[in-house]
>>> print(open('run.cif').read())   # mmCIF, C-alpha atoms
data_target
#
loop_
_atom_site.label_atom_id
_atom_site.label_comp_id
_atom_site.auth_asym_id
_atom_site.auth_seq_id
_atom_site.Cartn_x
_atom_site.Cartn_y
_atom_site.Cartn_z
CA MET X 175 24.29 25.94 -9.97
CA LYS X 176 26.31 22.71 -10.20
CA LYS X 177 24.25 19.62 -9.30
CA ALA X 178 24.51 15.85 -9.59
CA VAL X 179 21.88 13.15 -9.77
CA ILE X 180 22.10 9.39 -9.54
CA ASP X 181 19.36 7.30 -11.11
CA ILE X 182 19.38 3.79 -9.63
CA GLY X 183 17.42 1.71 -12.11
CA THR X 184 16.69 -1.96 -12.57
CA ASN X 185 19.16 -2.35 -15.45
CA THR X 186 21.44 0.68 -15.31
CA PHE X 187 22.78 3.17 -12.80
CA HIS X 188 23.28 6.69 -14.16
CA LEU X 189 25.42 9.50 -12.79
CA LEU X 190 24.82 12.95 -14.27
CA ILE X 191 26.71 16.08 -13.22
CA ALA X 192 25.46 19.32 -14.72
CA GLU X 193 25.37 23.08 -14.47
CA ILE X 194 21.81 24.35 -14.29
CA GLN X 195 21.40 27.91 -15.58
CA HIS X 196 17.61 28.08 -15.56
CA GLN X 197 14.63 25.75 -15.97
CA THR X 198 15.47 24.56 -19.47
CA ASP X 199 19.25 25.01 -19.68
CA ILE X 200 21.18 21.90 -18.64
CA GLU X 201 24.90 21.96 -19.37
CA ILE X 202 26.25 18.43 -18.93
CA ILE X 203 29.64 18.38 -17.22
CA TYR X 204 30.01 14.64 -16.75
CA LYS X 205 27.89 11.54 -17.25
CA LYS X 206 28.46 7.87 -16.62
CA THR X 207 26.24 4.83 -17.08
CA ILE X 208 26.98 1.42 -15.57
CA ALA X 209 25.08 -1.68 -16.66
CA VAL X 210 24.55 -2.99 -13.13
CA LYS X 211 21.59 -5.30 -13.93
CA LEU X 212 20.34 -4.93 -10.37
CA GLY X 213 17.17 -6.86 -11.21
CA GLU X 214 18.96 -9.80 -12.79
CA GLY X 215 17.80 -13.07 -11.27
CA GLY X 216 15.42 -11.45 -8.82
CA VAL X 217 13.30 -8.66 -10.29
CA ASN X 218 10.21 -10.87 -10.55
CA LYS X 219 10.90 -12.42 -7.13
CA GLY X 220 11.12 -9.19 -5.16
CA PHE X 221 14.76 -9.70 -4.16
CA ILE X 222 18.18 -8.34 -5.16
CA VAL X 223 20.43 -11.39 -5.61
CA ASN X 224 23.95 -11.32 -4.13
CA ALA X 225 25.91 -10.77 -7.36
CA ALA X 226 23.65 -7.91 -8.48
CA TYR X 227 23.69 -6.42 -4.98
CA GLU X 228 27.50 -6.33 -5.02
CA ARG X 229 27.57 -4.81 -8.52
CA GLY X 230 25.19 -2.10 -7.34
CA ILE X 231 27.24 -1.12 -4.30
CA ASN X 232 30.47 -1.14 -6.37
CA ALA X 233 28.86 1.14 -8.96
CA LEU X 234 27.88 3.61 -6.25
CA ILE X 235 31.41 3.55 -4.81
CA ASP X 236 32.68 4.34 -8.32
CA PHE X 237 30.16 7.21 -8.61
CA LYS X 238 31.29 8.59 -5.25
CA LYS X 239 34.87 8.83 -6.53
CA GLU X 240 33.65 10.90 -9.49
CA LEU X 241 31.55 13.15 -7.24
CA ASP X 242 34.58 13.80 -5.03
CA LEU X 243 36.77 14.41 -8.08
CA HIS X 244 34.31 17.05 -9.30
CA GLN X 245 33.89 18.41 -5.75
CA ILE X 246 30.12 17.91 -5.85
CA LYS X 247 28.17 18.13 -2.61
CA ASN X 248 24.72 18.79 -4.08
CA VAL X 249 23.59 15.24 -4.95
CA LYS X 250 20.19 13.61 -5.34
CA ALA X 251 20.13 9.81 -5.65
CA THR X 252 16.86 8.02 -6.31
CA ALA X 253 15.98 4.35 -6.59
CA THR X 254 13.04 3.00 -8.55
CA ALA X 255 11.37 -0.39 -9.08
CA ALA X 256 14.26 -2.81 -8.42
CA VAL X 257 14.93 -1.37 -4.96
CA ARG X 258 11.41 -0.34 -3.95
CA ASP X 259 10.03 -3.81 -4.74
CA ALA X 260 12.89 -5.77 -3.14
CA SER X 261 12.62 -7.32 0.30
CA ASN X 262 16.29 -6.44 0.86
CA GLY X 263 15.96 -2.96 -0.64
CA ALA X 264 16.26 -1.26 2.77
CA GLU X 265 19.48 -3.18 3.42
CA PHE X 266 20.85 -2.05 0.05
CA ILE X 267 20.08 1.58 0.95
CA LYS X 268 21.90 1.23 4.30
CA ASP X 269 24.94 -0.30 2.61
CA ALA X 270 24.98 2.46 -0.03
CA LEU X 271 25.25 5.04 2.74
CA ALA X 272 27.79 3.07 4.78
CA LYS X 273 30.07 1.99 1.92
CA ALA X 274 29.63 4.72 -0.72
CA ASP X 275 28.43 7.65 1.41
CA ILE X 276 25.45 8.05 -0.92
CA ARG X 277 22.02 8.64 0.58
CA ILE X 278 19.30 7.06 -1.53
CA GLU X 279 15.68 8.16 -1.73
CA VAL X 280 13.24 5.50 -2.91
CA ILE X 281 10.55 7.08 -5.08
CA ASP X 282 7.20 5.56 -5.95
CA GLY X 283 5.85 5.15 -9.48
CA LEU X 284 3.88 8.39 -9.48
CA GLN X 285 6.91 10.40 -8.32
CA GLU X 286 8.93 8.68 -11.03
CA ALA X 287 6.34 9.68 -13.64
CA GLU X 288 6.45 13.30 -12.40
CA TYR X 289 10.24 13.47 -12.73
CA ILE X 290 10.07 11.88 -16.20
CA TYR X 291 7.59 14.55 -17.25
CA GLN X 292 9.86 17.32 -15.94
CA GLY X 293 12.76 15.85 -17.90
CA VAL X 294 10.78 15.65 -21.14
CA LYS X 295 9.49 19.17 -20.57
CA ALA X 296 13.05 20.47 -20.09
CA SER X 297 14.05 18.94 -23.44
CA GLY X 298 11.67 21.21 -25.34
CA VAL X 299 10.06 18.22 -27.09
CA LEU X 300 6.57 18.84 -25.69
CA SER X 301 4.19 21.27 -27.40
CA SER X 302 0.58 22.40 -27.11
CA GLN X 303 -0.61 19.08 -28.56
CA THR X 304 -1.47 16.29 -26.13
CA SER X 305 1.20 13.58 -25.95
CA LEU X 306 1.47 10.14 -24.41
CA VAL X 307 4.90 9.80 -22.81
CA MET X 308 6.14 6.26 -22.22
CA ASP X 309 9.24 5.40 -20.19
CA ILE X 310 10.13 1.69 -20.35
CA GLY X 311 12.41 0.71 -17.50
CA GLY X 312 13.59 -2.68 -16.38
CA GLY X 313 11.15 -3.01 -13.49
CA SER X 314 8.34 -0.63 -14.37
CA VAL X 315 6.82 1.43 -17.16
CA GLU X 316 5.50 4.94 -16.65
CA PHE X 317 2.82 6.52 -18.82
CA ILE X 318 2.09 10.26 -18.73
CA ILE X 319 -0.59 12.02 -20.78
CA CYS X 320 0.41 15.66 -20.96
CA ASP X 321 1.31 18.77 -22.92
CA GLN X 322 4.03 21.37 -22.33
CA GLN X 323 2.03 22.97 -19.51
CA LEU X 324 0.21 20.19 -17.65
CA ILE X 325 0.03 16.54 -16.73
CA PHE X 326 -3.49 15.28 -17.38
CA TRP X 327 -2.95 11.70 -16.21
CA LYS X 328 -0.06 9.50 -15.07
CA LYS X 329 0.51 5.98 -13.80
CA SER X 330 3.29 3.45 -13.24
CA TYR X 331 2.86 -0.25 -14.06
CA ARG X 332 5.01 -3.25 -13.12
CA LEU X 333 5.61 -4.03 -16.79
CA GLY X 334 9.33 -3.37 -17.04
CA ALA X 335 11.37 -5.12 -19.75
CA ALA X 336 13.45 -7.17 -17.29
CA ARG X 337 10.31 -8.27 -15.44
CA LEU X 338 8.58 -9.30 -18.69
CA LEU X 339 11.68 -11.18 -19.85
CA ALA X 340 11.79 -13.14 -16.62
CA ASP X 341 8.09 -14.01 -16.86
CA PHE X 342 7.64 -14.70 -20.58
CA TYR X 343 10.84 -15.21 -22.60
CA PHE X 344 11.24 -18.98 -22.86
CA ILE X 345 11.56 -19.67 -26.60
CA ASP X 346 13.89 -18.00 -29.10
CA PRO X 347 12.46 -16.46 -31.23
CA ILE X 348 9.44 -15.69 -29.11
CA SER X 349 6.41 -17.77 -30.12
CA LYS X 350 3.01 -16.57 -31.26
CA THR X 351 1.48 -18.38 -28.29
CA THR X 352 3.67 -16.43 -25.87
CA LEU X 353 2.92 -13.19 -27.69
CA SER X 354 -0.77 -13.88 -27.27
CA LYS X 355 -0.29 -14.46 -23.53
CA ILE X 356 1.64 -11.20 -23.22
CA HIS X 357 -1.08 -9.30 -25.08
CA GLN X 358 -3.71 -10.78 -22.77
CA PHE X 359 -1.65 -9.68 -19.78
CA PHE X 360 -1.40 -6.16 -21.19
CA ALA X 361 -5.14 -6.06 -21.84
CA GLN X 362 -5.89 -7.02 -18.24
CA THR X 363 -3.31 -4.62 -16.77
CA LEU X 364 -3.68 -1.48 -18.90
CA THR X 365 -7.46 -0.94 -18.86
CA ASP X 366 -7.26 2.43 -17.10
CA LEU X 367 -4.51 3.64 -19.46
CA PHE X 368 -6.73 3.15 -22.48
CA GLU X 369 -9.65 4.79 -20.69
CA ALA X 370 -7.42 7.82 -20.09
CA VAL X 371 -6.28 7.80 -23.74
CA GLN X 372 -9.93 7.76 -24.81
CA THR X 373 -10.60 10.75 -22.56
CA HIS X 374 -7.57 12.90 -23.46
CA GLN X 375 -6.91 11.79 -27.06
CA PRO X 376 -3.10 12.11 -27.31
CA THR X 377 -1.83 12.47 -30.87
CA GLU X 378 1.86 11.69 -30.29
CA LEU X 379 3.79 8.91 -28.56
CA ILE X 380 7.01 10.11 -26.94
CA GLY X 381 9.33 7.33 -25.80
CA THR X 382 12.03 8.39 -23.38
CA ALA X 383 15.65 7.22 -23.32
CA GLY X 384 16.49 3.49 -22.98
CA SER X 385 15.01 1.38 -25.75
CA PHE X 386 13.80 4.44 -27.62
CA ASP X 387 17.39 5.70 -27.87
CA SER X 388 18.23 2.35 -29.45
CA TYR X 389 15.27 2.61 -31.85
CA ALA X 390 16.53 6.03 -32.94
CA GLU X 391 20.10 4.85 -33.43
CA MET X 392 19.05 1.73 -35.34
CA ASN X 393 16.67 3.70 -37.55
CA ALA X 394 19.27 6.37 -38.24
CA ILE X 395 21.84 3.74 -39.29
CA GLN X 396 19.30 2.16 -41.66
CA ASN X 397 18.83 5.61 -43.22
CA ASN X 398 22.57 6.31 -43.42
CA SER X 399 22.27 9.15 -40.93
CA ILE X 400 23.49 9.76 -37.38
CA PHE X 401 21.71 9.86 -34.06
CA ASP X 402 23.66 11.02 -31.00
CA ALA X 403 21.74 10.99 -27.72
CA ASN X 404 24.41 13.21 -26.16
CA ILE X 405 23.59 16.03 -28.58
CA GLN X 406 20.05 15.50 -29.87
CA HIS X 407 17.02 15.97 -27.64
CA ARG X 408 14.61 14.29 -30.05
CA TYR X 409 14.34 11.95 -32.99
CA ASP X 410 11.17 11.77 -35.09
CA PHE X 411 10.26 8.52 -36.82
CA LYS X 412 8.37 7.86 -40.01
CA GLU X 413 5.43 5.69 -38.97
CA VAL X 414 6.03 2.90 -41.50
CA GLU X 415 9.75 2.69 -40.69
CA PHE X 416 9.07 2.49 -36.97
CA TYR X 417 6.46 -0.25 -37.36
CA ASP X 418 8.83 -2.23 -39.59
CA LEU X 419 11.64 -1.84 -37.06
CA ILE X 420 9.72 -3.13 -34.06
CA GLU X 421 8.11 -5.95 -36.08
CA ASN X 422 11.59 -7.09 -37.15
CA ILE X 423 12.80 -6.96 -33.55
CA ILE X 424 9.85 -9.04 -32.32
CA ALA X 425 10.48 -11.67 -35.03
CA SER X 426 14.24 -11.80 -34.37
CA THR X 427 16.37 -14.25 -32.40
CA HIS X 428 18.81 -13.32 -29.64
CA GLN X 429 21.74 -13.96 -32.00
CA GLN X 430 20.27 -11.75 -34.71
CA ARG X 431 19.83 -8.91 -32.24
CA LEU X 432 23.42 -9.31 -31.06
CA ASN X 433 24.53 -8.48 -34.61
CA TRP X 434 22.16 -5.52 -35.04
CA LYS X 435 24.00 -2.25 -35.59
CA GLY X 436 22.98 0.43 -33.14
CA LEU X 437 21.83 -1.98 -30.42
CA ILE X 438 24.03 -2.11 -27.32
CA PRO X 439 24.54 -5.49 -25.57
CA LEU X 440 22.56 -4.46 -22.48
CA ARG X 441 19.40 -3.99 -24.56
CA VAL X 442 19.69 -7.03 -26.83
CA ASP X 443 16.90 -8.85 -25.01
CA MET X 444 15.29 -5.93 -23.15
CA ILE X 445 14.37 -4.32 -26.47
CA LEU X 446 12.35 -7.40 -27.43
CA MET X 447 9.88 -6.84 -24.58
CA ALA X 448 9.99 -3.06 -25.08
CA SER X 449 9.00 -3.62 -28.71
CA ILE X 450 6.13 -5.96 -27.86
CA LEU X 451 4.75 -3.38 -25.43
CA THR X 452 5.30 -0.44 -27.77
CA GLN X 453 3.63 -2.23 -30.67
CA TYR X 454 0.65 -3.09 -28.46
CA ILE X 455 0.30 0.53 -27.29
CA LEU X 456 0.40 1.85 -30.85
CA HIS X 457 -2.18 -0.68 -32.06
CA GLN X 458 -4.55 0.11 -29.21
CA THR X 459 -4.22 3.92 -29.31
CA LYS X 460 -3.93 4.35 -33.12
CA ILE X 461 -1.28 7.04 -32.55
CA LYS X 462 0.66 7.79 -35.75
CA GLN X 463 3.31 10.26 -34.59
CA ILE X 464 6.27 8.66 -32.78
CA THR X 465 9.22 10.47 -31.21
CA THR X 466 12.24 9.60 -29.11
CA CYS X 467 13.12 12.06 -26.34
CA THR X 468 16.61 11.69 -24.90
CA TYR X 469 15.70 13.43 -21.63
CA SER X 470 13.95 11.45 -18.94
CA LEU X 471 14.09 10.76 -15.19
CA LYS X 472 17.63 11.94 -14.48
CA GLU X 473 17.13 15.26 -16.28
CA GLY X 474 13.85 15.68 -14.41
CA LEU X 475 15.71 15.12 -11.15
CA LEU X 476 18.15 17.87 -12.14
CA MET X 477 15.19 20.22 -12.54
CA SER X 478 13.93 19.48 -9.03
CA ASP X 479 14.83 21.44 -5.90
CA PHE X 480 17.48 19.81 -3.72
#
>>> encode(input="run.cif", output="structure tokens")
Amino acid sequence: MKKAVIDIGTNTFHLLIAEIQHQTDIEIIYKKTIAVKLGEGGVNKGFIVNAAYERGINALIDFKKELDLHQIKNVKATATAAVRDASNGAEFIKDALAKADIRIEVIDGLQEAEYIYQGVKASGVLSSQTSLVMDIGGGSVEFIICDQQLIFWKKSYRLGAARLLADFYFIDPISKTTLSKIHQFFAQTLTDLFEAVQTHQPTELIGTAGSFDSYAEMNAIQNNSIFDANIQHRYDFKEVEFYDLIENIIASTHQQRLNWKGLIPLRVDMILMASILTQYILHQTKIKQITTCTYSLKEGLLMSDF
């Protein structure tokens, strides 16, 4: 069955067209990612600013042209934090239908976590061991404690990289005082996550797509190897190398990150906040095994019935 999904995120819009043979066989026909930055200037204010709004609608018009070119009628488009938290989100959805003929479904954080789990499961990365899956978006972060059969616990938090940048990134490089404030904020916000970790004892951290793709590419370049998210479903890190990588990112300036091989421009600043959060999670959970999974929300959407 040929299907298409559109993932309307806070930073990027993704179009994925694929042939689905069965529950774990996704044959990608076409994919396109547009750095819309829908949350730019407004993600922490609950509003989509005019320039970002226009970029979003134009991206969807562009996607519609590709859908028509591939003669796709079976489409599922979902919007996450940037739209669901915006006071003009309903207006954006109406304009998407009127101008791009794309009907958008706004999903809540728990639905988002469910789709992320289904995507990770389809990748084959999960096993019988209990894992903590972390998906760092621009507006929210989803955590799922699970194995290849079941979800034991899941929750979405308004801790997305774009939101954290807007709230905390004032000095370059980021100061120890600001880091301390961020850590205090995490401690106040993530209490129930760490209670769930204590209960279920995950032994592996699986980071999905986004910043974790960048971590994999940067680490591979440092080791004179290749990581290709279009081909590989997973990338396993050595613990020491991963810790060194995120510590270097946290200590870096914007200009240094601009020159970092393997880091795309869209993530130059987003990866700073992703690294601060990831480091905090690893310190608190004591998890040693760290993996990137290249499947996430959009692949989970493909696995759903529509």
>>> atom_distance(input="run.cif", atom1="CA of Val294 (chain X)", atom2="CA of Glu413 (chain X)")
21.1 Å
>>> resolve_selection(input="run.cif", expression="the PyMOL selection byres ((chain X and resi 380) around 7)", output="PDB file with C-alpha atoms, keeping the file's coordinate frame")
ATOM      1  CA  SER X 305       1.200  13.580 -25.950  1.00  0.00           C
ATOM      2  CA  LEU X 306       1.470  10.140 -24.410  1.00  0.00           C
ATOM      3  CA  VAL X 307       4.900   9.800 -22.810  1.00  0.00           C
ATOM      4  CA  MET X 308       6.140   6.260 -22.220  1.00  0.00           C
ATOM      5  CA  GLU X 378       1.860  11.690 -30.290  1.00  0.00           C
ATOM      6  CA  LEU X 379       3.790   8.910 -28.560  1.00  0.00           C
ATOM      7  CA  GLY X 381       9.330   7.330 -25.800  1.00  0.00           C
ATOM      8  CA  THR X 382      12.030   8.390 -23.380  1.00  0.00           C
ATOM      9  CA  ILE X 464       6.270   8.660 -32.780  1.00  0.00           C
ATOM     10  CA  THR X 465       9.220  10.470 -31.210  1.00  0.00           C
ATOM     11  CA  THR X 466      12.240   9.600 -29.110  1.00  0.00           C
ATOM     12  CA  CYS X 467      13.120  12.060 -26.340  1.00  0.00           C
TER      13      CYS X 467
END
>>> residues_around(input="run.cif", residues="region 389-399 of chain X", least_positions_apart="6", cutoff="10 Å", atoms="all atoms listed in the file", output="number ranges by chain")
X: 381, 383, 408-412, 415-416, 419-420, 434-437, 445, 449, 465-468
>>> closest_residue(input="run.cif", among="X:Phe401, X:Phe317, X:Tyr291, X:Phe237", to="Ile182 (chain X)", atoms="only C-alpha atoms")
X:Phe237
>>> residues_around(input="run.cif", residues="Lys238 (chain X)", least_positions_apart="2", cutoff="8 Å", atoms="only C-alpha atoms", output="PyMOL selection string")
chain X and resi 234-236+240-242+274-276
>>> write_last_selection(input="run.cif", atoms="C-alpha atoms", output="PDB file, in the coordinates of the input")
ATOM      1  CA  LEU X 234      27.880   3.610  -6.250  1.00  0.00           C
ATOM      2  CA  ILE X 235      31.410   3.550  -4.810  1.00  0.00           C
ATOM      3  CA  ASP X 236      32.680   4.340  -8.320  1.00  0.00           C
ATOM      4  CA  GLU X 240      33.650  10.900  -9.490  1.00  0.00           C
ATOM      5  CA  LEU X 241      31.550  13.150  -7.240  1.00  0.00           C
ATOM      6  CA  ASP X 242      34.580  13.800  -5.030  1.00  0.00           C
ATOM      7  CA  ALA X 274      29.630   4.720  -0.720  1.00  0.00           C
ATOM      8  CA  ASP X 275      28.430   7.650   1.410  1.00  0.00           C
ATOM      9  CA  ILE X 276      25.450   8.050  -0.920  1.00  0.00           C
TER      10      ILE X 276
END
>>> resolve_selection(input="run.cif", expression="the PyMOL selection byres ((chain X and resi 290) around 8)", output="count of residues only")
15
>>> build_atoms(input="run.cif", residues="region 245-266 of chain X", atoms="N, CA and C atoms", output="PDB file, in the frame of the given file")
ATOM      1  N   GLN X 245      34.200  17.607  -6.941  1.00  0.00           N
ATOM      2  CA  GLN X 245      33.890  18.410  -5.750  1.00  0.00           C
ATOM      3  C   GLN X 245      32.395  18.767  -5.674  1.00  0.00           C
ATOM      4  N   ILE X 246      31.566  17.734  -5.872  1.00  0.00           N
ATOM      5  CA  ILE X 246      30.120  17.910  -5.850  1.00  0.00           C
ATOM      6  C   ILE X 246      29.560  17.512  -4.491  1.00  0.00           C
ATOM      7  N   LYS X 247      28.841  18.411  -3.881  1.00  0.00           N
ATOM      8  CA  LYS X 247      28.170  18.130  -2.610  1.00  0.00           C
ATOM      9  C   LYS X 247      26.655  18.044  -2.787  1.00  0.00           C
ATOM     10  N   ASN X 248      26.163  18.695  -3.839  1.00  0.00           N
ATOM     11  CA  ASN X 248      24.720  18.790  -4.080  1.00  0.00           C
ATOM     12  C   ASN X 248      24.270  17.589  -4.931  1.00  0.00           C
ATOM     13  N   VAL X 249      23.888  16.500  -4.257  1.00  0.00           N
ATOM     14  CA  VAL X 249      23.590  15.240  -4.950  1.00  0.00           C
ATOM     15  C   VAL X 249      22.205  14.736  -4.569  1.00  0.00           C
ATOM     16  N   LYS X 250      21.471  14.274  -5.581  1.00  0.00           N
ATOM     17  CA  LYS X 250      20.190  13.610  -5.340  1.00  0.00           C
ATOM     18  C   LYS X 250      20.244  12.229  -5.975  1.00  0.00           C
ATOM     19  N   ALA X 251      20.112  11.187  -5.156  1.00  0.00           N
ATOM     20  CA  ALA X 251      20.130   9.810  -5.650  1.00  0.00           C
ATOM     21  C   ALA X 251      18.772   9.177  -5.401  1.00  0.00           C
ATOM     22  N   THR X 252      18.172   8.652  -6.446  1.00  0.00           N
ATOM     23  CA  THR X 252      16.860   8.020  -6.310  1.00  0.00           C
ATOM     24  C   THR X 252      16.897   6.591  -6.827  1.00  0.00           C
ATOM     25  N   ALA X 253      16.117   5.752  -6.175  1.00  0.00           N
ATOM     26  CA  ALA X 253      15.980   4.350  -6.590  1.00  0.00           C
ATOM     27  C   ALA X 253      14.544   4.098  -6.990  1.00  0.00           C
ATOM     28  N   THR X 254      14.385   3.275  -8.022  1.00  0.00           N
ATOM     29  CA  THR X 254      13.040   3.000  -8.550  1.00  0.00           C
ATOM     30  C   THR X 254      12.668   1.535  -8.306  1.00  0.00           C
ATOM     31  N   ALA X 255      12.066   0.884  -9.282  1.00  0.00           N
ATOM     32  CA  ALA X 255      11.370  -0.390  -9.080  1.00  0.00           C
ATOM     33  C   ALA X 255      12.220  -1.490  -8.436  1.00  0.00           C
ATOM     34  N   ALA X 256      13.461  -1.676  -8.899  1.00  0.00           N
ATOM     35  CA  ALA X 256      14.260  -2.810  -8.420  1.00  0.00           C
ATOM     36  C   ALA X 256      14.488  -2.739  -6.915  1.00  0.00           C
ATOM     37  N   VAL X 257      14.684  -1.524  -6.395  1.00  0.00           N
ATOM     38  CA  VAL X 257      14.930  -1.370  -4.960  1.00  0.00           C
ATOM     39  C   VAL X 257      13.619  -1.274  -4.185  1.00  0.00           C
ATOM     40  N   ARG X 258      12.652  -0.520  -4.703  1.00  0.00           N
ATOM     41  CA  ARG X 258      11.410  -0.340  -3.950  1.00  0.00           C
ATOM     42  C   ARG X 258      10.595  -1.621  -3.833  1.00  0.00           C
ATOM     43  N   ASP X 259      10.775  -2.556  -4.777  1.00  0.00           N
ATOM     44  CA  ASP X 259      10.030  -3.810  -4.740  1.00  0.00           C
ATOM     45  C   ASP X 259      10.795  -4.946  -4.077  1.00  0.00           C
ATOM     46  N   ALA X 260      12.041  -4.695  -3.675  1.00  0.00           N
ATOM     47  CA  ALA X 260      12.890  -5.770  -3.140  1.00  0.00           C
ATOM     48  C   ALA X 260      12.779  -5.880  -1.627  1.00  0.00           C
ATOM     49  N   SER X 261      12.698  -7.107  -1.138  1.00  0.00           N
ATOM     50  CA  SER X 261      12.620  -7.320   0.300  1.00  0.00           C
ATOM     51  C   SER X 261      13.902  -6.905   1.013  1.00  0.00           C
ATOM     52  N   ASN X 262      15.025  -6.904   0.281  1.00  0.00           N
ATOM     53  CA  ASN X 262      16.290  -6.440   0.860  1.00  0.00           C
ATOM     54  C   ASN X 262      16.683  -5.058   0.340  1.00  0.00           C
ATOM     55  N   GLY X 263      15.686  -4.312  -0.143  1.00  0.00           N
ATOM     56  CA  GLY X 263      15.960  -2.960  -0.640  1.00  0.00           C
ATOM     57  C   GLY X 263      16.437  -2.027   0.458  1.00  0.00           C
ATOM     58  N   ALA X 264      15.848  -2.121   1.652  1.00  0.00           N
ATOM     59  CA  ALA X 264      16.260  -1.260   2.770  1.00  0.00           C
ATOM     60  C   ALA X 264      17.709  -1.533   3.169  1.00  0.00           C
ATOM     61  N   GLU X 265      18.093  -2.809   3.119  1.00  0.00           N
ATOM     62  CA  GLU X 265      19.480  -3.180   3.420  1.00  0.00           C
ATOM     63  C   GLU X 265      20.434  -2.590   2.391  1.00  0.00           C
ATOM     64  N   PHE X 266      20.027  -2.623   1.113  1.00  0.00           N
ATOM     65  CA  PHE X 266      20.850  -2.050   0.050  1.00  0.00           C
ATOM     66  C   PHE X 266      21.059  -0.548   0.285  1.00  0.00           C
TER      67      PHE X 266
END
